[in-house]
>>> print(open('start.pdb').read())   # PDB, C-alpha atoms
ATOM      1  CA  MET A   2      15.619  23.579  25.970
ATOM      2  CA  GLU A   3      17.549  21.517  23.443
ATOM      3  CA  ARG A   4      15.525  18.449  24.425
ATOM      4  CA  GLN A   5      12.313  20.420  23.950
ATOM      5  CA  ASN A   6      13.430  21.421  20.460
ATOM      6  CA  PHE A   7      14.214  17.801  19.656
ATOM      7  CA  HIS A   8      10.728  16.621  20.629
ATOM      8  CA  LYS A   9       9.191  19.512  18.749
ATOM      9  CA  GLU A  10      11.031  18.477  15.591
ATOM     10  CA  LEU A  11      10.132  14.834  16.209
ATOM     11  CA  ASP A  12       6.469  15.803  16.476
ATOM     12  CA  HIS A  13       6.800  17.687  13.197
ATOM     13  CA  LEU A  14       8.306  14.579  11.625
ATOM     14  CA  LYS A  15       5.341  12.514  12.807
ATOM     15  CA  MET A  16       2.935  15.048  11.316
ATOM     16  CA  THR A  17       4.738  14.743   7.993
ATOM     17  CA  VAL A  18       4.229  10.971   8.120
ATOM     18  CA  TYR A  19       0.520  11.483   8.841
ATOM     19  CA  LYS A  20       0.340  13.733   5.789
ATOM     20  CA  MET A  21       2.019  11.083   3.668
ATOM     21  CA  ALA A  22      -0.311   8.400   5.034
ATOM     22  CA  ALA A  23      -3.354  10.504   4.123
ATOM     23  CA  SER A  24      -2.039  10.984   0.582
ATOM     24  CA  ALA A  25      -1.224   7.285   0.164
ATOM     25  CA  ARG A  26      -4.612   6.270   1.486
ATOM     26  CA  LYS A  27      -6.315   8.658  -0.924
ATOM     27  CA  SER A  28      -4.322   7.142  -3.792
ATOM     28  CA  LEU A  29      -5.330   3.631  -2.740
ATOM     29  CA  ASP A  30      -9.005   4.543  -2.339
ATOM     30  CA  ASN A  31      -9.032   6.295  -5.697
ATOM     31  CA  ALA A  32      -7.165   3.481  -7.435
ATOM     32  CA  CYS A  33      -9.706   0.942  -6.208
ATOM     33  CA  LYS A  34     -12.612   3.206  -7.110
ATOM     34  CA  ALA A  35     -11.193   3.939 -10.563
ATOM     35  CA  TYR A  36     -10.838   0.218 -11.259
ATOM     36  CA  GLN A  37     -14.268  -0.729  -9.928
ATOM     37  CA  GLU A  38     -16.093   2.140 -11.645
ATOM     38  CA  ARG A  39     -13.954   2.166 -14.811
ATOM     39  CA  ASP A  40     -13.063   5.834 -14.293
ATOM     40  CA  ASP A  41     -10.012   6.649 -16.398
ATOM     41  CA  ASP A  42     -10.049  10.333 -15.406
ATOM     42  CA  LEU A  43      -9.755   9.386 -11.729
ATOM     43  CA  ALA A  44      -7.002   6.930 -12.605
ATOM     44  CA  GLN A  45      -5.052   9.716 -14.306
ATOM     45  CA  THR A  46      -5.249  11.899 -11.174
ATOM     46  CA  ILE A  47      -3.457   9.152  -9.246
ATOM     47  CA  ILE A  48      -0.623   9.124 -11.747
ATOM     48  CA  ASP A  49      -0.394  12.918 -11.733
ATOM     49  CA  GLY A  50      -0.313  13.091  -7.920
ATOM     50  CA  ASP A  51       2.476  10.576  -7.383
ATOM     51  CA  ARG A  52       5.217  13.210  -7.427
ATOM     52  CA  GLU A  53       3.732  14.851  -4.332
ATOM     53  CA  ILE A  54       4.057  11.619  -2.356
ATOM     54  CA  ASN A  55       7.620  11.147  -3.607
ATOM     55  CA  GLN A  56       8.481  14.628  -2.377
ATOM     56  CA  ILE A  57       7.022  13.945   1.061
ATOM     57  CA  GLU A  58       9.227  10.861   1.346
ATOM     58  CA  LEU A  59      12.275  12.991   0.527
ATOM     59  CA  ASP A  60      11.218  15.502   3.184
ATOM     60  CA  ILE A  61      10.878  12.718   5.758
ATOM     61  CA  ASP A  62      14.327  11.357   4.909
ATOM     62  CA  ARG A  63      15.848  14.828   5.210
ATOM     63  CA  GLN A  64      14.194  15.531   8.574
ATOM     64  CA  SER A  65      15.051  12.072   9.916
ATOM     65  CA  LEU A  66      18.710  12.210   8.932
ATOM     66  CA  ARG A  67      19.027  15.659  10.466
ATOM     67  CA  LEU A  68      17.651  14.416  13.802
ATOM     68  CA  LEU A  69      19.893  11.355  13.738
ATOM     69  CA  ALA A  70      23.002  13.369  12.942
ATOM     70  CA  LEU A  71      22.492  16.312  15.272
ATOM     71  CA  GLU A  72      20.605  14.857  18.224
ATOM     72  CA  GLN A  73      21.966  11.292  18.423
ATOM     73  CA  PRO A  74      18.703   9.927  19.882
ATOM     74  CA  MET A  75      18.575   6.717  21.887
ATOM     75  CA  ALA A  76      16.079   4.013  22.874
ATOM     76  CA  ARG A  77      12.501   4.628  21.728
ATOM     77  CA  ASP A  78      13.298   7.971  20.067
ATOM     78  CA  LEU A  79      15.912   6.227  17.926
ATOM     79  CA  ARG A  80      13.465   3.455  17.077
ATOM     80  CA  MET A  81      10.850   6.050  16.210
ATOM     81  CA  ILE A  82      13.058   7.862  13.691
ATOM     82  CA  VAL A  83      14.395   4.687  12.081
ATOM     83  CA  GLY A  84      10.895   3.234  12.007
ATOM     84  CA  ILE A  85       9.472   6.355  10.404
ATOM     85  CA  MET A  86      12.053   6.176   7.621
ATOM     86  CA  ARG A  87      11.086   2.565   6.944
ATOM     87  CA  ILE A  88       7.356   3.325   7.092
ATOM     88  CA  SER A  89       7.663   6.258   4.687
ATOM     89  CA  ASN A  90       9.541   4.023   2.244
ATOM     90  CA  ASP A  91       6.765   1.426   2.416
ATOM     91  CA  MET A  92       4.086   4.075   1.893
ATOM     92  CA  GLU A  93       5.913   5.449  -1.131
ATOM     93  CA  ARG A  94       5.987   1.930  -2.562
ATOM     94  CA  ILE A  95       2.259   1.601  -1.853
ATOM     95  CA  ALA A  96       1.700   4.801  -3.816
ATOM     96  CA  ASP A  97       3.760   3.341  -6.674
ATOM     97  CA  GLN A  98       1.520   0.269  -6.695
ATOM     98  CA  CYS A  99      -1.498   2.576  -6.880
ATOM     99  CA  VAL A 100       0.032   4.176  -9.977
ATOM    100  CA  ASN A 101       0.466   0.708 -11.468
ATOM    101  CA  ILE A 102      -3.211  -0.034 -10.801
ATOM    102  CA  ALA A 103      -4.200   3.279 -12.362
ATOM    103  CA  GLU A 104      -2.176   2.609 -15.510
ATOM    104  CA  ARG A 105      -3.798  -0.800 -15.972
ATOM    105  CA  THR A 106      -7.213   0.688 -15.258
ATOM    106  CA  ILE A 107      -6.776   3.232 -18.051
ATOM    107  CA  PHE A 108      -6.059   0.356 -20.444
ATOM    108  CA  LEU A 109      -9.127  -1.561 -19.260
ATOM    109  CA  CYS A 110     -11.327   1.520 -19.650
ATOM    110  CA  GLN A 111     -10.437   1.633 -23.343
ATOM    111  CA  HIS A 112     -12.026  -1.779 -23.936
ATOM    112  CA  PRO A 113     -15.292  -3.563 -23.084
ATOM    113  CA  PRO A 114     -15.437  -4.728 -19.437
ATOM    114  CA  ILE A 115     -14.518  -8.258 -18.452
ATOM    115  CA  GLU A 116     -16.881 -10.526 -16.542
ATOM    116  CA  PRO A 117     -17.218  -9.681 -12.817
ATOM    117  CA  VAL A 118     -14.441 -11.070 -10.597
ATOM    118  CA  PRO A 119     -15.920 -11.451  -7.070
ATOM    119  CA  ALA A 120     -12.571 -12.337  -5.524
ATOM    120  CA  MET A 121     -11.165  -9.023  -6.754
ATOM    121  CA  ASP A 122     -13.725  -7.072  -4.730
ATOM    122  CA  SER A 123     -12.811  -9.149  -1.666
ATOM    123  CA  LEU A 124      -9.105  -8.508  -2.301
ATOM    124  CA  ILE A 125      -9.740  -4.781  -2.576
ATOM    125  CA  GLY A 126     -11.647  -4.851   0.703
ATOM    126  CA  ILE A 127      -8.993  -6.674   2.730
ATOM    127  CA  THR A 128      -6.156  -4.619   1.241
ATOM    128  CA  ARG A 129      -7.795  -1.306   2.078
ATOM    129  CA  LYS A 130      -8.587  -2.566   5.583
ATOM    130  CA  MET A 131      -5.007  -3.653   6.217
ATOM    131  CA  PHE A 132      -3.545  -0.307   5.198
ATOM    132  CA  PHE A 133      -6.163   1.605   7.206
ATOM    133  CA  LEU A 134      -5.421  -0.457  10.331
ATOM    134  CA  ALA A 135      -1.660  -0.139   9.853
ATOM    135  CA  VAL A 136      -1.876   3.652   9.664
ATOM    136  CA  ASN A 137      -4.113   3.771  12.729
ATOM    137  CA  ALA A 138      -1.712   1.511  14.625
ATOM    138  CA  PHE A 139       1.107   3.942  13.872
ATOM    139  CA  ARG A 140      -0.971   6.963  14.837
ATOM    140  CA  ASP A 141      -1.930   5.382  18.183
ATOM    141  CA  MET A 142       1.397   3.533  18.556
ATOM    142  CA  ASP A 143      -0.709   0.449  19.230
ATOM    143  CA  ALA A 144       1.529  -2.607  19.117
ATOM    144  CA  GLN A 145      -1.343  -4.987  19.889
ATOM    145  CA  SER A 146      -3.341  -3.828  16.867
ATOM    146  CA  ALA A 147      -0.203  -3.977  14.754
ATOM    147  CA  ARG A 148       0.284  -7.646  15.669
ATOM    148  CA  GLU A 149      -3.159  -8.512  14.281
ATOM    149  CA  ILE A 150      -2.470  -7.182  10.785
ATOM    150  CA  PRO A 151       0.085  -9.752   9.498
ATOM    151  CA  ALA A 152      -2.457 -12.562   9.965
ATOM    152  CA  MET A 153      -4.726 -10.836   7.433
ATOM    153  CA  ASP A 154      -2.072 -11.203   4.751
ATOM    154  CA  ASP A 155      -2.939 -14.868   4.262
ATOM    155  CA  GLU A 156      -6.485 -13.830   3.387
ATOM    156  CA  ALA A 157      -5.185 -11.331   0.821
ATOM    157  CA  ASP A 158      -2.966 -14.035  -0.671
ATOM    158  CA  GLU A 159      -5.924 -16.408  -0.974
ATOM    159  CA  TYR A 160      -8.072 -13.836  -2.782
ATOM    160  CA  THR A 161      -5.175 -13.103  -5.129
ATOM    161  CA  MET A 162      -4.933 -16.799  -5.996
ATOM    162  CA  GLN A 163      -8.683 -16.937  -6.613
ATOM    163  CA  VAL A 164      -8.439 -14.001  -9.027
ATOM    164  CA  LEU A 165      -5.506 -15.632 -10.819
ATOM    165  CA  LYS A 166      -7.216 -19.001 -11.077
ATOM    166  CA  GLY A 167     -10.497 -17.561 -12.313
ATOM    167  CA  LEU A 168      -8.935 -15.377 -14.982
ATOM    168  CA  ILE A 169      -6.592 -18.102 -16.223
ATOM    169  CA  GLU A 170      -9.574 -20.453 -16.563
ATOM    170  CA  ASP A 171     -11.413 -17.725 -18.445
ATOM    171  CA  MET A 172      -8.499 -17.281 -20.833
ATOM    172  CA  ALA A 173      -8.418 -21.019 -21.411
ATOM    173  CA  SER A 174     -12.046 -21.056 -22.489
ATOM    174  CA  SER A 175     -12.691 -20.616 -26.194
ATOM    175  CA  SER A 176     -13.803 -17.305 -27.708
ATOM    176  CA  PRO A 177     -14.965 -16.841 -31.294
ATOM    177  CA  GLY A 178     -12.365 -15.077 -33.434
ATOM    178  CA  PHE A 179      -8.650 -14.580 -32.975
ATOM    179  CA  GLU A 180      -8.903 -10.850 -32.161
ATOM    180  CA  LYS A 181     -11.474 -11.454 -29.421
ATOM    181  CA  ARG A 182      -9.297 -14.134 -27.856
ATOM    182  CA  VAL A 183      -6.293 -11.828 -27.863
ATOM    183  CA  LEU A 184      -8.306  -8.985 -26.341
ATOM    184  CA  LYS A 185      -9.634 -11.288 -23.638
ATOM    185  CA  MET A 186      -6.096 -12.335 -22.772
ATOM    186  CA  ARG A 187      -4.836  -8.766 -22.653
ATOM    187  CA  ARG A 188      -7.676  -7.598 -20.409
ATOM    188  CA  ASN A 189      -7.330 -10.574 -18.091
ATOM    189  CA  ILE A 190      -3.563 -10.176 -17.832
ATOM    190  CA  GLN A 191      -3.947  -6.503 -16.907
ATOM    191  CA  THR A 192      -6.508  -7.468 -14.270
ATOM    192  CA  ILE A 193      -4.174 -10.127 -12.867
ATOM    193  CA  ILE A 194      -1.446  -7.482 -12.603
ATOM    194  CA  ILE A 195      -3.856  -5.266 -10.661
ATOM    195  CA  SER A 196      -4.511  -8.119  -8.238
ATOM    196  CA  ARG A 197      -0.767  -8.567  -7.765
ATOM    197  CA  CYS A 198      -0.411  -4.851  -7.030
ATOM    198  CA  LEU A 199      -3.111  -5.137  -4.377
ATOM    199  CA  GLU A 200      -1.394  -8.164  -2.876
ATOM    200  CA  ARG A 201       1.845  -6.179  -2.721
ATOM    201  CA  ILE A 202       0.057  -3.323  -0.947
ATOM    202  CA  ALA A 203      -1.175  -5.853   1.624
ATOM    203  CA  ASP A 204       2.436  -7.027   2.083
ATOM    204  CA  LEU A 205       3.641  -3.446   2.556
ATOM    205  CA  SER A 206       0.856  -2.760   5.059
ATOM    206  CA  THR A 207       2.135  -5.784   6.994
ATOM    207  CA  ASN A 208       5.602  -4.240   6.912
ATOM    208  CA  ILE A 209       4.231  -1.013   8.394
ATOM    209  CA  ALA A 210       2.542  -2.965  11.186
ATOM    210  CA  GLU A 211       5.822  -4.727  11.964
ATOM    211  CA  HIS A 212       7.623  -1.373  12.137
ATOM    212  CA  VAL A 213       4.986  -0.064  14.560
ATOM    213  CA  ALA A 214       5.516  -3.019  16.900
ATOM    214  CA  PHE A 215       9.269  -2.435  16.737
ATOM    215  CA  ILE A 216       8.915   1.266  17.546
ATOM    216  CA  ALA A 217       6.471   0.721  20.394
ATOM    217  CA  GLU A 218       8.104  -2.248  22.101
ATOM    218  CA  GLY A 219      11.476  -2.829  20.482
ATOM    219  CA  ILE A 220      10.291  -6.282  19.396
ATOM    220  CA  ASN A 221      10.715  -7.690  15.897
ATOM    221  CA  ILE A 222       7.477  -9.526  14.990
ATOM    222  CA  LYS A 223       8.534 -10.200  11.401
ATOM    223  CA  HIS A 224       7.673 -13.755  10.322
ATOM    224  CA  GLN A 225       6.136 -14.570  13.717
ATOM    225  CA  ASN A 226       2.747 -15.277  12.142
ATOM    226  CA  LYS A 227       4.404 -17.814   9.831
ATOM    227  CA  GLN A 228       5.984 -19.899  12.564
TER     228      GLN A 228
END
>>> encode(input="start.pdb", output="structure tokens")
Amino acid sequence: MERQNFHKELDHLKMTVYKMAASARKSLDNACKAYQERDDDLAQTIIDGDREINQIELDIDRQSLRLLALEQPMARDLRMIVGIMRISNDMERIADQCVNIAERTIFLCQHPPIEPVPAMDSLIGITRKMFFLAVNAFRDMDAQSAREIPAMDDEADEYTMQVLKGLIEDMASSSPGFEKRVLKMRRNIQTIIISRCLERIADLSTNIAEHVAFIAEGINIKHQNKQ
């Protein structure tokens, strides 16, 4: 009976992670949409909703520590609980990056739009895909799918560099009037910061994938794609 209670509580812990993943994914989707559509109201909802995700992380920590202290799990159950704590921390950091994107988006919405940045749309696409696949890999405990995600990080890095290069070149080009030049620089810098936030989300999605592989097989795949 005690073992049944343990697995019941472990299942509840997993459900809490799924809830957190859904909230983080919503924040990421909304952050990208707010930036692309210049929707400052949507951006503000991301900032306002961040406390809910923070609270879920605290709930996961509390549940996990209770199971570790009282049940003393071993083998895969131990890996599951430790992995969940790491995954929830990464998802909370993803949510924080979404808040950063939202804050920069609100600034950009207060000024005329910059020229289109094609690489930014590509970066948004690969970042969203990586997080979606990482969450699905955890849900299905699919180590094979998890192994495929770190390789996508190089693509995200390349798009980030393209955004940086394009916006720096734009800032270097001349604009009539001092105030217009300063505004161009401020808008481009905020957009570069957004690209860096997206790159960081891609990195954190890679972390989640690595945790999934560890939970499922007890194998550390960290850095393997870089060898």
>>> resolve_selection(input="start.pdb", expression="the PyMOL selection byres ((chain A and resi 25) around 8)", output="list in words")
Met21, Ala22, Ala23, Ser24, Arg26, Lys27, Ser28, Leu29, Ile54, Met92, Glu93, Ile95 and Ala96 of chain A
>>> resolve_selection(input="start.pdb", expression="the PyMOL selection byres ((chain A and resi 40-43) around 7)", output="list of chain:residue names")
A:Asn31, A:Ala35, A:Tyr36, A:Glu38, A:Arg39, A:Ala44, A:Gln45, A:Thr46, A:Ile47, A:Thr106, A:Ile107, A:Cys110
>>> resolve_selection(input="start.pdb", expression="the PyMOL selection byres ((chain A and resi 197-206) around 9)", output="PyMOL selection string")
chain A and resi 29+88+91-92+94-96+98-99+101-102+124-125+127-129+131-136+150-151+153-154+157-158+160-161+192-196+207-211
>>> residues_around(input="start.pdb", residues="Met186 (chain A)", least_positions_apart="6", cutoff="12 Å", atoms="only C-alpha atoms", output="ChimeraX atom specification")
/A:109,115,168-176,179-180,192-193
>>> axis_aligned_box(input="start.pdb", around="region 172-183 of chain A", padding_each_side="6 Å", output="JSON")
{"center_x": -10.6, "center_y": -16.0, "center_z": -27.1, "size_x": 20.7, "size_y": 22.2, "size_z": 24.6}
>>> atom_distance(input="start.pdb", atom1="CA of Ser89 (chain A)", atom2="CA of Lys20 (chain A)")
10.5 Å
>>> closest_residue(input="start.pdb", among="A:Ile220, A:Ile190, A:Ala147, A:Leu184", to="Leu165 (chain A)", atoms="only C-alpha atoms")
A:Ile190
>>> atom_distance(input="start.pdb", atom1="CA of Met86 (chain A)", atom2="CA of Glu156 (chain A)")
27.6 Å
>>> atom_distance(input="start.pdb", atom1="CA of Val213 (chain A)", atom2="CA of Asn137 (chain A)")
10.0 Å
>>> closest_residue(input="start.pdb", among="A:Gly126, A:Gly167, A:Gly219, A:Pro113", to="Lys181 (chain A)", atoms="all atoms listed in the file")
A:Pro113
>>> residues_around(input="start.pdb", residues="Pro74 (chain A)", least_positions_apart="4", cutoff="12 Å", atoms="only C-alpha atoms", output="list of chain:residue names")
A:Arg4, A:Phe7, A:His8, A:Leu11, A:Ser65, A:Leu66, A:Arg67, A:Leu68, A:Leu69, A:Ala70, A:Asp78, A:Leu79, A:Arg80, A:Met81, A:Ile82, A:Val83
>>> closest_residue(input="start.pdb", among="A:Glu149, A:Glu116, A:Glu159, A:Asp97", to="Glu53 (chain A)", atoms="all atoms listed in the file")
A:Asp97
>>> closest_residue(input="start.pdb", among="A:Arg87, A:His212, A:Arg140, A:Lys166", to="Tyr19 (chain A)", atoms="only C-alpha atoms")
A:Arg140
>>> closest_residue(input="start.pdb", among="A:Met162, A:Cys33, A:Val183, A:Ile85", to="Asp122 (chain A)", atoms="all atoms listed in the file")
A:Cys33
